[in-house]
Amino acid sequence: MPKARQSGEAEHTGIFLDFFYRLKDSKVPVSLSEWMTLVEGLALGLHGSSLIGFYSLSRSLLVKDEAYFDEFDRVFAEHFEGVVDLSAIEKDVFEWLENPIQPYQLDPALRKVLDSVDVERLRELFEERLREQTERHNGGNRWIGTGGTSPFGHGGYHPGGIRVGGQGRFGSAVQVAAARRFREHRHDLVLDTRQLSVALRKLRALRRSGLADELDIDGTIDKTAREAGELELVFRPERRNDLRLLLAMDVGGSMEPYRHLVDLLFSAAHAARHFKRFEHVYFHNCVYGEVYQDALFREAISTQRLIEQLDADTRLVLVGDAYMYPGELTDRYGAIQWEDRNETPGYVWLERLVTRFKHSAWINPMSSRMWHAPSVRLIRNLYPMVELTIEGIESLAGELGK
Amino acid sequence: MNKDFDRFSGTSHYITSPELRHSVNVAAALGRPLLVKGEPGTGKTLLAYAIAEDLGLELISWNVKSTSKAIEGLYVYDTVQRLQDSRFGDKDISDIRQYIKLGPLGKALTSNEQVVLLIDEIDKADLEFPNDLLHELDMMEFVVVETGDRHVAKQRPIVIVTSNSEKELPDAFLRRCVFHFIQFPDRDLMARIIGVHHPDIAKKLLDQCLQKFYYIRELAGLRKRPSTSELIDWIGALIQAGISPAEVSKAIPFLGTLIKRKEDLEIVEQGGRPANRQRGVWP
């Protein structure tokens with residue numbers, strides 16, 4: 001690459017240019033203009049001719065989001081000392097954590113067993129297993145085991161557990177970088193309510209409403225002219241978000257492992273005060289004739305009434321793994337709760353909802369790699385499906401804005 | 001290294017990490033805005049005050065609101081006033097300049113001395129807000145369109161921008177900033193911070209408080225983890241009430257000063273996320 005060499009700066013750039021490309025390769029968004037600023041800083045001697053100085057300087061100028069601090073630290077450590085690459089080991093672990101579920105097949109035989117079991121007893125068993133699992137961490141009975149601590153065990157696992165490299169406060173730069181103190185800020189691992197709210201903010205539909213307190217210049221000119229120059233001020237309301245949101249959440253059963261995630265999503269949506277109206281209901285596996293206003297399924301509300309009550313331009317968002325025995329979708333009396341005895345198959349209800357609400361989408365907490373199941377495919381015929389991740393929620397805005 | 005570089009070194013009541021001091025000095029040396037992010041209560045806003053105090057500069061602060069517009073930071077042309085004044089012909093309205101009111105950024109750029117400009121909570125405003133300031137913050141100059149007056153900063157102000165990550169900031173804006181993320185203080189730093197606010201605190205009480213505080217912060221499932229300012233208030237209350245370290249070790253007196261949400265209180269009382277929350281139990 002031909003370089004216009006200038007005296008003084010050239011040595012710095014030469015040494016560190018590889019580092020720049022390495023950062024780029026690792027998907028840390030660094031731009032040329034930021035690099036030039038760094039070169040400028042180096043020329044001014046802001047790094048104090050030390051590696052730790054360079055570490056601080058380059059991080060503050062190149063990385064503008066704490067989500068990338070961790071990756072920066074990793075690249076820095078790797079580039080400047082060839083510190084053992086910890087992330088290769090971690091990648092495996094995280095993959096495992098992301099996909100703990102071996103989705104269980106609800107074959108008729110199993111369902112028969114399930115139906116015959118006393119629900120209370122089943123729950124006790126479930127919790128018992130869950131406790132066992134926490135202690136042993138791995139293995140254990142498959143379908144309960146997955147519901148255990150695994151995907152959300154991040155907390156236990158990652159910020160505390162894997163903090164390899166120690167907390168060297170301000171030792172050598174490589175040590176500091178290798179400590180990787182910013183791991184918990186990575187976007188691909190952590191979802192918190194705040195990030196979710198930020199993502200949810202993208203859902204908006206601005207309309208003028210409320211108090212008229214914004215000066216309408218065009219209106220004022222028009223009115224004043226009509227009044228033959230007698231000043232007449234015209235005000236208009238500000239633009240506000242006019243979005244109505246209906247969140248329908250699948251709880252219990254195969255959703256158990258995602259409970260914490262759905263909880264987060266719910267509280268983020270609930271706390272986001274920018275919706276004109278926010279409603280939420282619960283269902284189990286699929287929507288049938290009734291949905292519930294509480295997660296304990298005590299207060300039922302008829303789905304038909306819900307459809308009639310809410311505005312057609314309410315944004316409907318369903319949250320669920322969409323993972324079930326296809327018959328639960330397509331069959332009369334297909335509901336997993338056999339006492340539901342649904343006359344209308346779930347699929348028809350889903351169809352009715354999607355026809356009523358012009359904008360709808362399905363958020364699936366399961367990784368999209370597992371969306372090949374028949375029931376998921378069926379539902380995707382009706383609803384655009386996104387993952388329950390920050391990126392997923394952000395793309396929701398596009399799906400719902402259409 | 002440049003002699004003037006290490007200008008900011010923290011003040012007697014604002015304790016900083018070496019990394020933060022470095023970032024401030026880099027921003028000042030390069031004449032670029034310093035973007036500060038971090039958990040609430042880590043002292044993002046106070047940083048600007050501390051810099052102003054330490055360097056003996058005037059502080060101009062601009063508290064951004066959801067309705068703020070970038071142009072308001074530069075100046076506001078009070079058209080309504082001028083129109084009103086024009087109605088009865090008793091005032092001279094030919095000089096537009098008297099209706100131009102400088103905003104915080106406008107003041108910072110026209111000041112004869114170097115100032116510290118705090119743009120607080122920039123993420124509260126509209127998504128496009130930071131982009132509208134790019135040119136002004138880059139060149140440190142602006143033009144009053146109505147009069148054609150061009151103002152160039154005689155001394156580049158030290159600009160501190162804080163964000164709570166409510167909205168993502170545009171890339172173009174980010175590229176021009178120096179970025180610093182204030183990490184939540186660890187025990188040692190926290191002990192020093194408390195020492196500034198409660199200089200007479202007994203070591204034993206301090207240790208006990210810190211232990212409880214970090215224990216609560218680590219509890220799973222908290223919606224809002226207590227922050228530095230809440231810890232300082234809490235310790236203040238404990239000292240006022242003359243509570244002994246032994247009592248703190250047994251229970252958590254005045255828990256309400258640390259934890260403000262009802263759900264969180266329950267979690268703390270139960271020592272972690274309840275095993276069986278109401279939501280999502282088997283039907």
# chains A, B, ... in the order shown; residues from 1 in each chain; ligands from 1
>>> residues_around(residues="Asp65 in chain A", least_positions_apart="2", cutoff="9 Å", atoms="only C-alpha atoms", output="list in words")
Val63, Ala67, Tyr68 and Phe69 of chain A; Lys37, Leu174, Phe179, His180 and Phe181 of chain B
>>> write_last_selection(atoms="N, CA, C and O atoms", output="compact mmCIF listing (two decimals), in the first residue's frame")
# COMPACT_ATOMS: atom_id res chain seq x y z
N VAL A 63 -12.83 3.26 19.86
CA VAL A 63 -14.03 2.50 20.23
C VAL A 63 -15.03 3.44 20.88
O VAL A 63 -14.70 4.09 21.87
N ALA A 67 -19.86 -1.81 24.20
CA ALA A 67 -20.13 -3.17 23.75
C ALA A 67 -18.91 -3.76 23.04
O ALA A 67 -18.73 -4.96 22.99
N TYR A 68 -18.08 -2.88 22.49
CA TYR A 68 -16.91 -3.38 21.75
C TYR A 68 -15.63 -3.35 22.58
O TYR A 68 -14.58 -3.73 22.08
N PHE A 69 -15.72 -2.86 23.80
CA PHE A 69 -14.53 -2.80 24.64
C PHE A 69 -13.91 -4.19 24.79
O PHE A 69 -12.70 -4.36 24.76
N LYS B 37 -20.11 7.84 29.01
CA LYS B 37 -21.25 6.97 29.30
C LYS B 37 -20.96 6.19 30.57
O LYS B 37 -19.83 6.15 31.04
N LEU B 174 -20.23 9.95 16.68
CA LEU B 174 -19.31 9.17 17.50
C LEU B 174 -17.88 9.26 16.99
O LEU B 174 -16.93 9.30 17.76
N PHE B 179 -14.12 8.82 23.53
CA PHE B 179 -15.15 8.11 24.29
C PHE B 179 -14.60 7.59 25.60
O PHE B 179 -13.49 7.07 25.67
N HIS B 180 -15.38 7.75 26.64
CA HIS B 180 -15.00 7.12 27.90
C HIS B 180 -16.21 6.51 28.56
O HIS B 180 -17.25 7.13 28.67
N PHE B 181 -16.03 5.28 29.00
CA PHE B 181 -17.10 4.59 29.71
C PHE B 181 -16.69 4.50 31.17
O PHE B 181 -15.69 3.88 31.51
>>> closest_residue(among="A:Leu32, A:Leu61, A:Cys286, A:Ala199", to="Pro33 in chain B", atoms="only C-alpha atoms")
A:Leu61
>>> interface_residues(of="chain A", to="chain B", cutoff="6 Å", atoms="only C-alpha atoms", output="list in words")
Glu34, Gly45, Gly48, Ser60, Leu61, Lys64, Val198, Val251, Gly252, Ala295 and Leu296 of chain A
>>> closest_residue(among="A:Val281, A:Val291, A:Ile307, A:Val262", to="Glu387 in chain A", atoms="only C-alpha atoms")
A:Val262
>>> residues_around(residues="range 231-238 of chain B", least_positions_apart="2", cutoff="8 Å", atoms="only C-alpha atoms", output="PDB file with N, CA, C and O atoms, in the first residue's frame")
ATOM      1  N   ILE B 194     -16.288   7.546  49.255  1.00  0.00           N
ATOM      2  CA  ILE B 194     -17.058   7.742  50.483  1.00  0.00           C
ATOM      3  C   ILE B 194     -16.268   8.611  51.456  1.00  0.00           C
ATOM      4  O   ILE B 194     -16.823   9.487  52.115  1.00  0.00           O
ATOM      5  N   HIS B 197     -17.021  12.157  51.005  1.00  0.00           N
ATOM      6  CA  HIS B 197     -18.332  12.632  51.446  1.00  0.00           C
ATOM      7  C   HIS B 197     -18.532  12.485  52.947  1.00  0.00           C
ATOM      8  O   HIS B 197     -19.200  13.301  53.570  1.00  0.00           O
ATOM      9  N   HIS B 198     -18.007  11.420  53.502  1.00  0.00           N
ATOM     10  CA  HIS B 198     -18.145  11.202  54.945  1.00  0.00           C
ATOM     11  C   HIS B 198     -16.753  10.975  55.513  1.00  0.00           C
ATOM     12  O   HIS B 198     -16.353   9.849  55.804  1.00  0.00           O
ATOM     13  N   CYS B 209     -20.559  -1.588  55.417  1.00  0.00           N
ATOM     14  CA  CYS B 209     -21.474  -1.000  54.438  1.00  0.00           C
ATOM     15  C   CYS B 209     -21.101  -1.447  53.022  1.00  0.00           C
ATOM     16  O   CYS B 209     -21.967  -1.812  52.232  1.00  0.00           O
ATOM     17  N   PHE B 213     -23.343  -3.425  50.440  1.00  0.00           N
ATOM     18  CA  PHE B 213     -23.670  -2.731  49.198  1.00  0.00           C
ATOM     19  C   PHE B 213     -23.326  -3.587  47.980  1.00  0.00           C
ATOM     20  O   PHE B 213     -24.143  -3.796  47.091  1.00  0.00           O
ATOM     21  N   PRO B 226     -28.434  -0.404  43.143  1.00  0.00           N
ATOM     22  CA  PRO B 226     -28.118   0.851  43.823  1.00  0.00           C
ATOM     23  C   PRO B 226     -26.799   1.426  43.305  1.00  0.00           C
ATOM     24  O   PRO B 226     -25.891   0.681  42.964  1.00  0.00           O
ATOM     25  N   SER B 227     -26.733   2.750  43.237  1.00  0.00           N
ATOM     26  CA  SER B 227     -25.542   3.383  42.687  1.00  0.00           C
ATOM     27  C   SER B 227     -24.824   4.167  43.772  1.00  0.00           C
ATOM     28  O   SER B 227     -25.248   4.199  44.921  1.00  0.00           O
ATOM     29  N   THR B 228     -23.723   4.805  43.344  1.00  0.00           N
ATOM     30  CA  THR B 228     -22.878   5.529  44.290  1.00  0.00           C
ATOM     31  C   THR B 228     -23.660   6.531  45.122  1.00  0.00           C
ATOM     32  O   THR B 228     -23.535   6.577  46.338  1.00  0.00           O
ATOM     33  N   SER B 229     -24.478   7.342  44.454  1.00  0.00           N
ATOM     34  CA  SER B 229     -25.162   8.399  45.193  1.00  0.00           C
ATOM     35  C   SER B 229     -26.086   7.804  46.249  1.00  0.00           C
ATOM     36  O   SER B 229     -26.226   8.339  47.346  1.00  0.00           O
ATOM     37  N   GLN B 240     -26.111   9.384  60.742  1.00  0.00           N
ATOM     38  CA  GLN B 240     -27.066  10.249  61.444  1.00  0.00           C
ATOM     39  C   GLN B 240     -27.768   9.490  62.559  1.00  0.00           C
ATOM     40  O   GLN B 240     -27.958  10.002  63.650  1.00  0.00           O
ATOM     41  N   ALA B 241     -28.172   8.272  62.237  1.00  0.00           N
ATOM     42  CA  ALA B 241     -28.942   7.498  63.204  1.00  0.00           C
ATOM     43  C   ALA B 241     -28.034   6.795  64.205  1.00  0.00           C
ATOM     44  O   ALA B 241     -28.515   6.158  65.133  1.00  0.00           O
ATOM     45  N   GLY B 242     -26.730   6.916  64.026  1.00  0.00           N
ATOM     46  CA  GLY B 242     -25.783   6.316  64.960  1.00  0.00           C
ATOM     47  C   GLY B 242     -25.861   4.795  65.005  1.00  0.00           C
ATOM     48  O   GLY B 242     -25.852   4.195  66.074  1.00  0.00           O
ATOM     49  N   ILE B 243     -25.978   4.218  63.844  1.00  0.00           N
ATOM     50  CA  ILE B 243     -26.120   2.758  63.803  1.00  0.00           C
ATOM     51  C   ILE B 243     -24.746   2.101  63.787  1.00  0.00           C
ATOM     52  O   ILE B 243     -23.827   2.561  63.104  1.00  0.00           O
ATOM     53  N   PRO B 253     -30.476  -1.744  57.713  1.00  0.00           N
ATOM     54  CA  PRO B 253     -31.347  -0.644  58.109  1.00  0.00           C
ATOM     55  C   PRO B 253     -31.477   0.363  56.969  1.00  0.00           C
ATOM     56  O   PRO B 253     -30.562   0.498  56.157  1.00  0.00           O
ATOM     57  N   PHE B 254     -32.597   1.038  56.916  1.00  0.00           N
ATOM     58  CA  PHE B 254     -32.862   2.062  55.882  1.00  0.00           C
ATOM     59  C   PHE B 254     -32.692   1.522  54.471  1.00  0.00           C
ATOM     60  O   PHE B 254     -32.121   2.178  53.608  1.00  0.00           O
ATOM     61  N   LEU B 255     -33.119   0.320  54.262  1.00  0.00           N
ATOM     62  CA  LEU B 255     -32.959  -0.290  52.941  1.00  0.00           C
ATOM     63  C   LEU B 255     -33.584   0.579  51.848  1.00  0.00           C
ATOM     64  O   LEU B 255     -33.115   0.617  50.711  1.00  0.00           O
ATOM     65  N   THR B 257     -33.376   3.624  51.289  1.00  0.00           N
ATOM     66  CA  THR B 257     -32.500   4.619  50.660  1.00  0.00           C
ATOM     67  C   THR B 257     -31.688   3.991  49.533  1.00  0.00           C
ATOM     68  O   THR B 257     -31.285   4.666  48.605  1.00  0.00           O
ATOM     69  N   LEU B 258     -31.458   2.689  49.634  1.00  0.00           N
ATOM     70  CA  LEU B 258     -30.662   2.011  48.608  1.00  0.00           C
ATOM     71  C   LEU B 258     -31.538   1.512  47.470  1.00  0.00           C
ATOM     72  O   LEU B 258     -31.166   1.579  46.306  1.00  0.00           O
TER      73      LEU B 258
END
>>> residues_around(residues="Leu247 in chain A", least_positions_apart="5", cutoff="12 Å", atoms="only C-alpha atoms", output="MDAnalysis selection string")
chainID A and resid 262 265:270 277:283 291:293 306 314:320 360:363
>>> residues_around(residues="range 92-102 of chain B", least_positions_apart="5", cutoff="8 Å", atoms="only C-alpha atoms", output="PyMOL selection string")
chain B and resi 73-79+81-82+85-86+107+146-147
>>> write_last_selection(atoms="N, CA and C atoms", output="tab-separated table (two decimals), in the first residue's frame")
chain	number	residue	atom	x	y	z
B	73	GLY	N	-29.31	25.34	20.88
B	73	GLY	CA	-28.06	25.39	21.62
B	73	GLY	C	-27.18	26.51	21.11
B	74	LEU	N	-27.33	26.84	19.83
B	74	LEU	CA	-26.54	27.92	19.26
B	74	LEU	C	-27.21	29.26	19.55
B	75	TYR	N	-28.40	29.42	19.01
B	75	TYR	CA	-29.11	30.67	19.28
B	75	TYR	C	-30.58	30.47	18.95
B	76	VAL	N	-31.39	31.37	19.49
B	76	VAL	CA	-32.81	31.38	19.15
B	76	VAL	C	-33.14	32.76	18.62
B	77	TYR	N	-33.78	32.78	17.49
B	77	TYR	CA	-34.22	34.06	16.93
B	77	TYR	C	-35.66	34.25	17.36
B	78	ASP	N	-35.87	35.22	18.22
B	78	ASP	CA	-37.18	35.37	18.84
B	78	ASP	C	-38.12	36.13	17.90
B	79	THR	N	-38.63	35.40	16.93
B	79	THR	CA	-39.50	36.02	15.93
B	79	THR	C	-40.78	36.56	16.54
B	81	GLN	N	-41.34	37.75	19.49
B	81	GLN	CA	-41.10	39.03	20.16
B	81	GLN	C	-40.98	40.15	19.13
B	82	ARG	N	-40.26	39.87	18.05
B	82	ARG	CA	-40.04	40.91	17.05
B	82	ARG	C	-41.36	41.28	16.38
B	85	ASP	N	-43.26	43.37	18.76
B	85	ASP	CA	-42.71	44.72	18.85
B	85	ASP	C	-43.06	45.56	17.64
B	86	SER	N	-43.28	44.87	16.52
B	86	SER	CA	-43.51	45.61	15.29
B	86	SER	C	-44.93	46.16	15.20
B	107	LYS	N	-22.94	30.47	23.44
B	107	LYS	CA	-22.17	31.21	24.44
B	107	LYS	C	-20.75	30.65	24.55
B	146	GLU	N	-29.65	34.56	10.17
B	146	GLU	CA	-30.46	35.76	10.00
B	146	GLU	C	-29.62	37.01	9.79
B	147	THR	N	-28.43	37.04	10.41
B	147	THR	CA	-27.60	38.25	10.30
B	147	THR	C	-26.36	38.01	9.46
>>> atom_distance(atom1="CA of Asp123 in chain B", atom2="CA of Ser163 in chain B")
5.5 Å
>>> atom_distance(atom1="CA of Phe80 in chain A", atom2="CA of Leu189 in chain B")
28.3 Å
>>> decode(residues="range 195-207 of chain B", atoms="all heavy atoms", output="short mmCIF file (atom, residue, chain, number, x, y, z; two decimals), in the first residue's frame")
data_model
loop_
_atom_site.label_atom_id
_atom_site.label_comp_id
_atom_site.auth_asym_id
_atom_site.auth_seq_id
_atom_site.Cartn_x
_atom_site.Cartn_y
_atom_site.Cartn_z
N GLY B 195 -14.96 8.38 51.49
CA GLY B 195 -14.12 9.19 52.36
C GLY B 195 -14.26 10.68 52.08
O GLY B 195 -14.16 11.51 52.99
N VAL B 196 -14.51 11.03 50.82
CA VAL B 196 -14.68 12.43 50.47
C VAL B 196 -15.98 12.97 51.04
O VAL B 196 -16.05 14.10 51.52
CB VAL B 196 -14.65 12.59 48.93
CG1 VAL B 196 -15.13 13.96 48.53
CG2 VAL B 196 -13.26 12.34 48.41
N HIS B 197 -17.02 12.16 51.01
CA HIS B 197 -18.33 12.63 51.45
C HIS B 197 -18.53 12.49 52.95
O HIS B 197 -19.20 13.30 53.57
CB HIS B 197 -19.44 11.89 50.70
CG HIS B 197 -19.46 12.23 49.24
ND1 HIS B 197 -20.23 13.25 48.73
CD2 HIS B 197 -18.76 11.73 48.20
CE1 HIS B 197 -20.01 13.33 47.43
NE2 HIS B 197 -19.13 12.42 47.08
N HIS B 198 -18.01 11.42 53.50
CA HIS B 198 -18.15 11.20 54.94
C HIS B 198 -16.75 10.97 55.51
O HIS B 198 -16.35 9.85 55.80
CB HIS B 198 -19.02 9.98 55.22
CG HIS B 198 -20.38 10.07 54.62
ND1 HIS B 198 -21.31 10.99 55.05
CD2 HIS B 198 -20.97 9.39 53.62
CE1 HIS B 198 -22.42 10.86 54.34
NE2 HIS B 198 -22.24 9.90 53.45
N PRO B 199 -15.99 12.07 55.69
CA PRO B 199 -14.58 11.91 56.06
C PRO B 199 -14.40 11.23 57.42
O PRO B 199 -13.36 10.62 57.66
CB PRO B 199 -14.04 13.34 56.08
CG PRO B 199 -15.19 14.24 55.86
CD PRO B 199 -16.39 13.46 55.50
N ASP B 200 -15.39 11.33 58.30
CA ASP B 200 -15.18 10.82 59.65
C ASP B 200 -15.69 9.40 59.85
O ASP B 200 -15.72 8.91 60.97
CB ASP B 200 -15.89 11.73 60.67
CG ASP B 200 -15.41 13.16 60.50
OD1 ASP B 200 -14.21 13.33 60.18
OD2 ASP B 200 -16.22 14.09 60.66
N ILE B 201 -16.07 8.75 58.79
CA ILE B 201 -16.67 7.43 58.95
C ILE B 201 -15.67 6.43 59.54
O ILE B 201 -14.49 6.42 59.18
CB ILE B 201 -17.23 6.92 57.61
CG1 ILE B 201 -18.01 5.62 57.82
CG2 ILE B 201 -16.11 6.72 56.60
CD1 ILE B 201 -18.79 5.19 56.61
N ALA B 202 -16.18 5.61 60.45
CA ALA B 202 -15.31 4.61 61.08
C ALA B 202 -15.02 3.50 60.08
O ALA B 202 -15.88 3.13 59.29
CB ALA B 202 -16.00 4.04 62.32
N LYS B 203 -13.81 2.98 60.14
CA LYS B 203 -13.38 2.00 59.17
C LYS B 203 -14.28 0.76 59.17
O LYS B 203 -14.66 0.22 58.14
CB LYS B 203 -11.94 1.60 59.49
CG LYS B 203 -11.38 0.45 58.68
CD LYS B 203 -10.28 0.92 57.77
CE LYS B 203 -9.75 -0.11 56.80
NZ LYS B 203 -10.56 -1.26 56.50
N LYS B 204 -14.66 0.36 60.38
CA LYS B 204 -15.46 -0.84 60.51
C LYS B 204 -16.82 -0.69 59.84
O LYS B 204 -17.29 -1.58 59.13
CB LYS B 204 -15.66 -1.15 62.00
CG LYS B 204 -15.09 -2.51 62.40
CD LYS B 204 -15.26 -2.72 63.86
CE LYS B 204 -15.57 -4.18 64.15
NZ LYS B 204 -15.72 -4.38 65.60
N LEU B 205 -17.43 0.46 60.09
CA LEU B 205 -18.74 0.72 59.50
C LEU B 205 -18.62 0.76 57.97
O LEU B 205 -19.43 0.18 57.25
CB LEU B 205 -19.31 2.05 60.02
CG LEU B 205 -20.69 2.44 59.48
CD1 LEU B 205 -21.74 1.44 59.91
CD2 LEU B 205 -21.08 3.84 59.92
N LEU B 206 -17.57 1.43 57.51
CA LEU B 206 -17.35 1.53 56.07
C LEU B 206 -17.23 0.15 55.45
O LEU B 206 -17.88 -0.16 54.45
CB LEU B 206 -16.08 2.35 55.80
CG LEU B 206 -15.66 2.48 54.35
CD1 LEU B 206 -16.68 3.29 53.58
CD2 LEU B 206 -14.29 3.12 54.22
N ASP B 207 -16.42 -0.69 56.06
CA ASP B 207 -16.23 -2.04 55.52
C ASP B 207 -17.55 -2.80 55.47
O ASP B 207 -17.89 -3.43 54.47
CB ASP B 207 -15.24 -2.83 56.40
CG ASP B 207 -13.82 -2.35 56.17
OD1 ASP B 207 -13.62 -1.61 55.19
OD2 ASP B 207 -12.94 -2.70 56.97
#
